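Shown below: entry.cif, with mmCIF, C-alpha atoms.
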data_protein
#
loop_
_atom_site.group_PDB
_atom_site.id
_atom_site.type_symbol
_atom_site.label_atom_id
_atom_site.label_comp_id
_atom_site.auth_asym_id
_atom_site.auth_seq_id
_atom_site.Cartn_x
_atom_site.Cartn_y
_atom_site.Cartn_z
ATOM 1 C CA MET A 25 -40.923 -12.049 -43.842
ATOM 2 C CA PHE A 26 -37.740 -10.112 -44.476
ATOM 3 C CA SER A 27 -34.444 -10.617 -46.178
ATOM 4 C CA LEU A 28 -31.352 -10.032 -44.010
ATOM 5 C CA PRO A 29 -28.855 -7.774 -45.778
ATOM 6 C CA SER A 30 -25.615 -9.454 -46.716
ATOM 7 C CA PHE A 31 -22.367 -8.611 -44.935
ATOM 8 C CA TYR A 32 -21.412 -6.168 -47.672
ATOM 9 C CA GLU A 33 -24.750 -4.417 -47.553
ATOM 10 C CA LEU A 34 -24.660 -3.668 -43.847
ATOM 11 C CA GLY A 35 -22.535 -0.568 -44.339
ATOM 12 C CA THR A 36 -20.804 1.275 -41.507
ATOM 13 C CA CYS A 37 -21.411 1.055 -37.758
ATOM 14 C CA SER A 38 -23.438 4.254 -37.976
ATOM 15 C CA ASP A 39 -26.106 2.542 -40.057
ATOM 16 C CA SER A 40 -29.243 1.692 -38.126
ATOM 17 C CA TYR A 41 -29.372 -2.068 -38.626
ATOM 18 C CA ASP A 42 -30.458 -3.970 -35.515
ATOM 19 C CA VAL A 43 -28.223 -6.976 -36.061
ATOM 20 C CA VAL A 44 -28.704 -8.296 -32.532
ATOM 21 C CA GLY A 45 -32.451 -7.971 -32.918
ATOM 22 C CA MET A 46 -32.338 -9.879 -36.171
ATOM 23 C CA LEU A 47 -30.410 -12.712 -34.562
ATOM 24 C CA SER A 48 -32.695 -12.927 -31.553
ATOM 25 C CA SER A 49 -35.965 -12.747 -33.465
ATOM 26 C CA PRO A 50 -37.963 -15.977 -32.926
ATOM 27 C CA THR A 51 -39.118 -15.929 -36.552
ATOM 28 C CA ASN A 52 -35.605 -16.082 -37.963
ATOM 29 C CA SER A 53 -35.411 -19.831 -37.614
ATOM 30 C CA ASP A 54 -38.438 -20.126 -39.879
ATOM 31 C CA ASN A 55 -37.176 -17.569 -42.388
ATOM 32 C CA PRO A 56 -36.105 -19.402 -45.541
ATOM 33 C CA ASN A 57 -34.224 -16.306 -46.736
ATOM 34 C CA LEU A 58 -31.867 -16.380 -43.677
ATOM 35 C CA SER A 59 -29.101 -18.653 -44.887
ATOM 36 C CA PRO A 60 -26.383 -20.046 -42.606
ATOM 37 C CA ARG A 61 -23.872 -17.781 -44.319
ATOM 38 C CA SER A 62 -26.007 -14.719 -43.627
ATOM 39 C CA MET A 63 -26.421 -15.786 -40.018
ATOM 40 C CA ALA A 64 -22.647 -16.179 -39.633
ATOM 41 C CA GLU A 65 -22.026 -12.786 -41.203
ATOM 42 C CA ALA A 66 -24.570 -11.155 -38.933
ATOM 43 C CA LYS A 67 -22.980 -12.755 -35.867
ATOM 44 C CA ALA A 68 -19.575 -11.500 -36.942
ATOM 45 C CA VAL A 69 -20.898 -7.958 -37.316
ATOM 46 C CA ALA A 70 -22.628 -8.139 -33.908
ATOM 47 C CA ALA A 71 -19.403 -9.374 -32.261
ATOM 48 C CA SER A 72 -17.428 -6.563 -33.892
ATOM 49 C CA ILE A 73 -19.901 -3.949 -32.668
ATOM 50 C CA SER A 74 -19.820 -5.417 -29.131
ATOM 51 C CA HIS A 75 -16.004 -5.418 -29.124
ATOM 52 C CA LYS A 76 -15.847 -1.800 -30.279
ATOM 53 C CA GLU A 77 -18.290 -0.746 -27.564
ATOM 54 C CA ALA A 78 -16.272 -2.562 -24.882
ATOM 55 C CA GLU A 79 -13.082 -0.931 -26.158
ATOM 56 C CA ARG A 80 -14.748 2.489 -26.081
ATOM 57 C CA ARG A 81 -15.758 1.999 -22.443
ATOM 58 C CA ARG A 82 -12.239 0.818 -21.553
ATOM 59 C CA ARG A 83 -10.662 3.922 -23.113
ATOM 60 C CA LYS A 84 -13.161 6.106 -21.266
ATOM 61 C CA ARG A 85 -12.172 4.546 -17.911
ATOM 62 C CA ILE A 86 -8.466 4.967 -18.648
ATOM 63 C CA ASN A 87 -8.914 8.606 -19.624
ATOM 64 C CA GLY A 88 -10.894 9.184 -16.442
ATOM 65 C CA HIS A 89 -8.090 7.760 -14.296
ATOM 66 C CA ILE A 90 -5.493 9.808 -16.201
ATOM 67 C CA ALA A 91 -7.537 12.958 -15.583
ATOM 68 C CA THR A 92 -7.645 12.108 -11.860
ATOM 69 C CA LEU A 93 -3.870 11.639 -11.742
ATOM 70 C CA LYS A 94 -3.417 14.963 -13.514
ATOM 71 C CA SER A 95 -5.539 16.715 -10.885
ATOM 72 C CA ILE A 96 -3.861 15.232 -7.784
ATOM 73 C CA LEU A 97 -0.196 15.081 -8.820
ATOM 74 C CA PRO A 98 1.643 18.275 -7.834
ATOM 75 C CA ASN A 99 3.855 20.206 -10.217
ATOM 76 C CA THR A 100 3.069 18.163 -13.306
ATOM 77 C CA ILE A 101 4.752 19.785 -16.293
ATOM 78 C CA LYS A 102 4.257 17.047 -18.861
ATOM 79 C CA THR A 103 0.669 15.825 -19.076
ATOM 80 C CA ASP A 104 0.976 12.941 -21.524
ATOM 81 C CA LYS A 105 -0.015 9.537 -20.212
ATOM 82 C CA ALA A 106 3.510 8.110 -20.007
ATOM 83 C CA SER A 107 4.812 11.122 -18.042
ATOM 84 C CA LEU A 108 1.845 11.106 -15.659
ATOM 85 C CA LEU A 109 2.243 7.389 -14.950
ATOM 86 C CA GLY A 110 5.982 7.855 -14.403
ATOM 87 C CA GLU A 111 5.340 10.698 -11.956
ATOM 88 C CA ALA A 112 2.732 8.586 -10.130
ATOM 89 C CA VAL A 113 5.253 5.746 -9.719
ATOM 90 C CA ARG A 114 7.869 8.178 -8.411
ATOM 91 C CA ARG A 115 5.442 9.663 -5.885
ATOM 92 C CA VAL A 116 4.343 6.231 -4.615
ATOM 93 C CA LYS A 117 7.972 5.232 -4.045
ATOM 94 C CA GLU A 118 8.597 8.521 -2.239
ATOM 95 C CA LEU A 119 5.583 8.035 0.022
ATOM 96 C CA LYS A 120 6.635 4.471 0.848
ATOM 97 C CA LYS A 121 10.095 5.718 1.773
ATOM 98 C CA THR A 122 8.605 8.454 3.978
ATOM 99 C CA ALA A 123 6.299 5.974 5.702
ATOM 100 C CA ALA A 124 9.204 3.623 6.369
ATOM 101 C CA ALA A 125 11.260 6.476 7.831
ATOM 102 C CA GLN A 126 8.431 7.469 10.160
ATOM 103 C CA GLU A 127 8.507 4.007 11.712
ATOM 104 C CA ASP A 128 11.891 4.901 13.174
ATOM 105 C CA TYR A 129 10.429 7.815 15.154
ATOM 106 C CA PRO A 130 8.823 7.533 18.592
ATOM 107 C CA SER A 131 5.060 7.144 18.657
ATOM 108 C CA GLU A 132 2.931 9.642 20.552
ATOM 109 C CA ALA A 133 1.535 6.910 22.799
ATOM 110 C CA ASP A 134 3.582 4.639 25.065
ATOM 111 C CA GLU A 135 3.983 1.212 23.508
ATOM 112 C CA LEU A 136 6.072 -1.896 23.897
ATOM 113 C CA LYS A 137 6.313 -4.531 21.158
ATOM 114 C CA LEU A 138 8.238 -7.812 21.301
ATOM 115 C CA SER A 139 8.719 -10.148 18.365
ATOM 116 C CA GLN A 140 10.740 -13.326 17.900
ATOM 117 C CA CYS A 141 13.238 -13.445 15.023
ATOM 118 C CA GLU A 142 13.113 -17.104 14.044
ATOM 119 C CA SER A 143 16.110 -16.924 11.706
ATOM 120 C CA THR A 144 18.496 -15.573 14.357
ATOM 121 C CA GLY A 145 16.810 -16.619 17.589
ATOM 122 C CA LEU A 146 16.928 -13.012 18.779
ATOM 123 C CA VAL A 147 14.076 -11.041 20.289
ATOM 124 C CA LYS A 148 13.291 -7.623 18.808
ATOM 125 C CA ALA A 149 11.943 -5.198 21.418
ATOM 126 C CA ALA A 150 10.594 -1.772 20.397
ATOM 127 C CA LEU A 151 9.899 0.644 23.240
ATOM 128 C CA SER A 152 8.402 4.159 22.886
ATOM 129 C CA CYS A 153 7.975 6.431 25.895
ATOM 130 C CA ASP A 154 8.846 9.827 27.352
ATOM 131 C CA ASP A 155 12.516 10.723 27.284
ATOM 132 C CA ARG A 156 14.551 11.254 30.466
ATOM 133 C CA PRO A 157 18.299 11.386 31.179
ATOM 134 C CA GLU A 158 18.523 8.095 33.107
ATOM 135 C CA ILE A 159 16.461 5.959 30.736
ATOM 136 C CA ILE A 160 19.512 4.218 29.237
ATOM 137 C CA VAL A 161 20.799 3.262 32.678
ATOM 138 C CA ASP A 162 17.368 1.945 33.684
ATOM 139 C CA MET A 163 17.153 -0.026 30.467
ATOM 140 C CA ILE A 164 20.553 -1.641 31.020
ATOM 141 C CA GLN A 165 19.545 -2.672 34.540
ATOM 142 C CA ALA A 166 16.220 -4.057 33.276
ATOM 143 C CA LEU A 167 17.973 -6.148 30.634
ATOM 144 C CA LYS A 168 20.407 -7.540 33.207
ATOM 145 C CA ALA A 169 17.512 -8.465 35.479
ATOM 146 C CA ALA A 170 15.837 -10.289 32.578
ATOM 147 C CA GLU A 171 19.139 -12.056 31.730
ATOM 148 C CA ALA A 172 19.031 -10.569 28.250
ATOM 149 C CA LYS A 173 22.126 -9.631 26.253
ATOM 150 C CA VAL A 174 21.921 -6.773 23.741
ATOM 151 C CA VAL A 175 23.241 -7.676 20.298
ATOM 152 C CA ARG A 176 22.182 -4.482 18.543
ATOM 153 C CA ALA A 177 20.403 -1.296 19.616
ATOM 154 C CA GLU A 178 19.001 1.783 17.891
ATOM 155 C CA MET A 179 17.580 4.816 19.701
ATOM 156 C CA ALA A 180 15.945 8.025 18.499
ATOM 157 C CA THR A 181 14.651 10.945 20.569
ATOM 158 C CA VAL A 182 12.402 13.651 19.144
ATOM 159 C CA GLY A 183 10.403 16.304 20.981
ATOM 160 C CA GLY A 184 10.736 14.755 24.417
ATOM 161 C CA ARG A 185 9.806 11.261 23.180
ATOM 162 C CA THR A 186 12.233 8.411 22.702
ATOM 163 C CA LYS A 187 12.095 5.114 20.833
ATOM 164 C CA SER A 188 14.470 2.249 21.521
ATOM 165 C CA VAL A 189 14.737 -0.786 19.253
ATOM 166 C CA LEU A 190 16.734 -3.614 20.800
ATOM 167 C CA TRP A 191 17.779 -6.961 19.381
ATOM 168 C CA VAL A 192 18.524 -9.100 22.419
ATOM 169 C CA ARG A 193 19.345 -12.685 23.210
ATOM 170 C CA VAL A 194 17.277 -13.969 26.111
ATOM 171 C CA GLY A 195 18.796 -16.566 28.422
ATOM 172 C CA ALA A 196 15.617 -18.660 28.616
ATOM 173 C CA GLN A 197 14.355 -19.267 25.080
ATOM 174 C CA ASN A 198 10.742 -19.784 26.129
ATOM 175 C CA ASP A 199 7.611 -17.904 27.164
ATOM 176 C CA ALA A 200 9.009 -17.361 30.645
ATOM 177 C CA GLY A 201 12.072 -15.627 29.220
ATOM 178 C CA LEU A 202 9.973 -13.402 26.973
ATOM 179 C CA GLY A 203 7.614 -12.644 29.834
ATOM 180 C CA GLY A 204 10.476 -11.561 32.052
ATOM 181 C CA LEU A 205 11.868 -9.305 29.336
ATOM 182 C CA ARG A 206 8.462 -7.751 28.740
ATOM 183 C CA ARG A 207 7.916 -7.041 32.439
ATOM 184 C CA ALA A 208 11.377 -5.510 32.819
ATOM 185 C CA LEU A 209 10.990 -3.186 29.839
ATOM 186 C CA LYS A 210 7.452 -2.243 30.860
ATOM 187 C CA MET A 211 8.805 -1.054 34.196
ATOM 188 C CA VAL A 212 11.209 1.206 32.297
ATOM 189 C CA MET A 213 8.338 2.552 30.214
ATOM 190 C CA ASP A 214 6.078 3.117 33.219
ATOM 191 C CA LYS A 215 8.847 4.872 35.139
ATOM 192 C CA SER A 216 9.471 7.155 32.175
ATOM 193 C CA THR A 217 5.792 8.036 31.969
ATOM 194 C CA SER A 218 5.572 8.961 35.638
ATOM 195 C CA SER A 219 8.725 11.061 35.608
ATOM 196 C CA GLU A 220 8.936 14.742 34.739
ATOM 197 C CA GLN A 221 9.216 15.853 31.116
ATOM 198 C CA CYS A 222 12.611 16.803 29.771
ATOM 199 C CA LEU A 223 13.567 20.453 29.843
ATOM 200 C CA PRO A 224 12.581 22.419 26.694
ATOM 201 C CA GLY A 225 16.205 22.996 25.821
ATOM 202 C CA SER A 226 16.881 19.234 25.716
ATOM 203 C CA LYS A 227 14.054 18.399 23.292
ATOM 204 C CA ARG A 228 16.162 18.545 20.177
ATOM 205 C CA PRO A 229 16.311 15.399 18.003
ATOM 206 C CA ARG A 230 18.993 12.939 19.019
ATOM 207 C CA TYR A 231 19.883 9.668 17.318
ATOM 208 C CA TYR A 232 21.971 6.813 18.640
ATOM 209 C CA HIS A 233 23.214 3.679 16.900
ATOM 210 C CA LEU A 234 24.917 1.412 19.385
#

Take the structure I supplied and represent it as structure tokens, if you would.
Amino acid sequence: MFSLPSFYELGTCSDSYDVVGMLSSPTNSDNPNLSPRSMAEAKAVAASISHKEAERRRRKRINGHIATLKSILPNTIKTDKASLLGEAVRRVKELKKTAAAQEDYPSEADELKLSQCESTGLVKAALSCDDRPEIIVDMIQALKAAEAKVVRAEMATVGGRTKSVLWVRVGAQNDAGLGGLRRALKMVMDKSTSSEQCLPGSKRPRYYHL
């Protein structure tokens, strides 16, 4: 038989009272000295201790993440949490902008992608292949053969590779029309692959917006 200390007798968190053990003891229900008020006070102390422990673990995780940011962010002058988080946001935005810009460059592998723009009814065609002087002429002929009209075109050439992004209106707005456009542009891509590489002196970056 024991008498549970009152709320005011429990002292600080550093005291070695096993409040949780007291509450979970099977003999407590038979203890006449454990009043409802004492039980409520003990539960309140146990909840406070649990909350403080959870808060301590949360702060530890945050400090760990801040330390990681400090180690991977380049040229960090200010190391307070607000400055580190601000620098992290700036770097993420910069990386997203760089990634978006890289999408405008030709890929190393030949590829042809067609997608339907439902809002405008246009077809977006993205073609990456080896660069060659007559590729624009071949592309114009391929589009005429597919009965496709160019509404907008963007082209970029880097290091002997070229990427063309075309927004075209196909005469037949169905699978047959898209199939014809795909076959025509694939012939342009295949012809570019089989042709000779551009001369070294012509491999400087070139950009076209038509």

Residues within 12 Å of (11.5, -3.4, 36.1), file coords, all atoms listed in the file, listed as a CSV table (one decimal) with C-alpha atoms, keeping the file's coordinate frame:
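File produced: result.csv:
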chain,number,residue,atom,x,y,z
A,159,ILE,CA,16.5,6.0,30.7
A,161,VAL,CA,20.8,3.3,32.7
A,162,ASP,CA,17.4,1.9,33.7
A,163,MET,CA,17.2,0.0,30.5
A,164,ILE,CA,20.6,-1.6,31.0
A,165,GLN,CA,19.5,-2.7,34.5
A,166,ALA,CA,16.2,-4.1,33.3
A,167,LEU,CA,18.0,-6.1,30.6
A,168,LYS,CA,20.4,-7.5,33.2
A,169,ALA,CA,17.5,-8.5,35.5
A,170,ALA,CA,15.8,-10.3,32.6
A,203,GLY,CA,7.6,-12.6,29.8
A,204,GLY,CA,10.5,-11.6,32.1
A,205,LEU,CA,11.9,-9.3,29.3
A,206,ARG,CA,8.5,-7.8,28.7
A,207,ARG,CA,7.9,-7.0,32.4
A,208,ALA,CA,11.4,-5.5,32.8
A,209,LEU,CA,11.0,-3.2,29.8
A,210,LYS,CA,7.5,-2.2,30.9
A,211,MET,CA,8.8,-1.1,34.2
A,212,VAL,CA,11.2,1.2,32.3
A,213,MET,CA,8.3,2.6,30.2
A,214,ASP,CA,6.1,3.1,33.2
A,215,LYS,CA,8.8,4.9,35.1
A,216,SER,CA,9.5,7.2,32.2

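For the pair CA of Leu138 (chain A) and CA of Gly184 (chain A), the separation is 22.9 Å.
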
Given the PyMOL selection byres ((chain A and resi 139) around 10), the residues it picks as a PyMOL selection string: chain A and resi 137-138+140-142+146-150+191+202

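Every residue that the PyMOL selection byres ((chain A and resi 109-111) around 10) selects in this file is listed here: Ile90, Leu93, Lys94, Leu97, Pro98, Asn99, Thr100, Lys102, Thr103, Asp104, Lys105, Ala106, Ser107, Leu108, Ala112, Val113, Arg114, Arg115, Val116 and Lys117 of chain A.
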
List the residues selected by the PyMOL selection byres ((chain A and resi 153) around 6) in the file shown, writing them as number ranges by chain. A: 134, 152, 154, 185-186, 213

Distance CA of Lys187 (chain A)-CA of Tyr129 (chain A), one decimal place? 6.5 Å

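Pairwise distance (CA of Arg156 (chain A), CA of Glu135 (chain A)) equals 16.2 Å.
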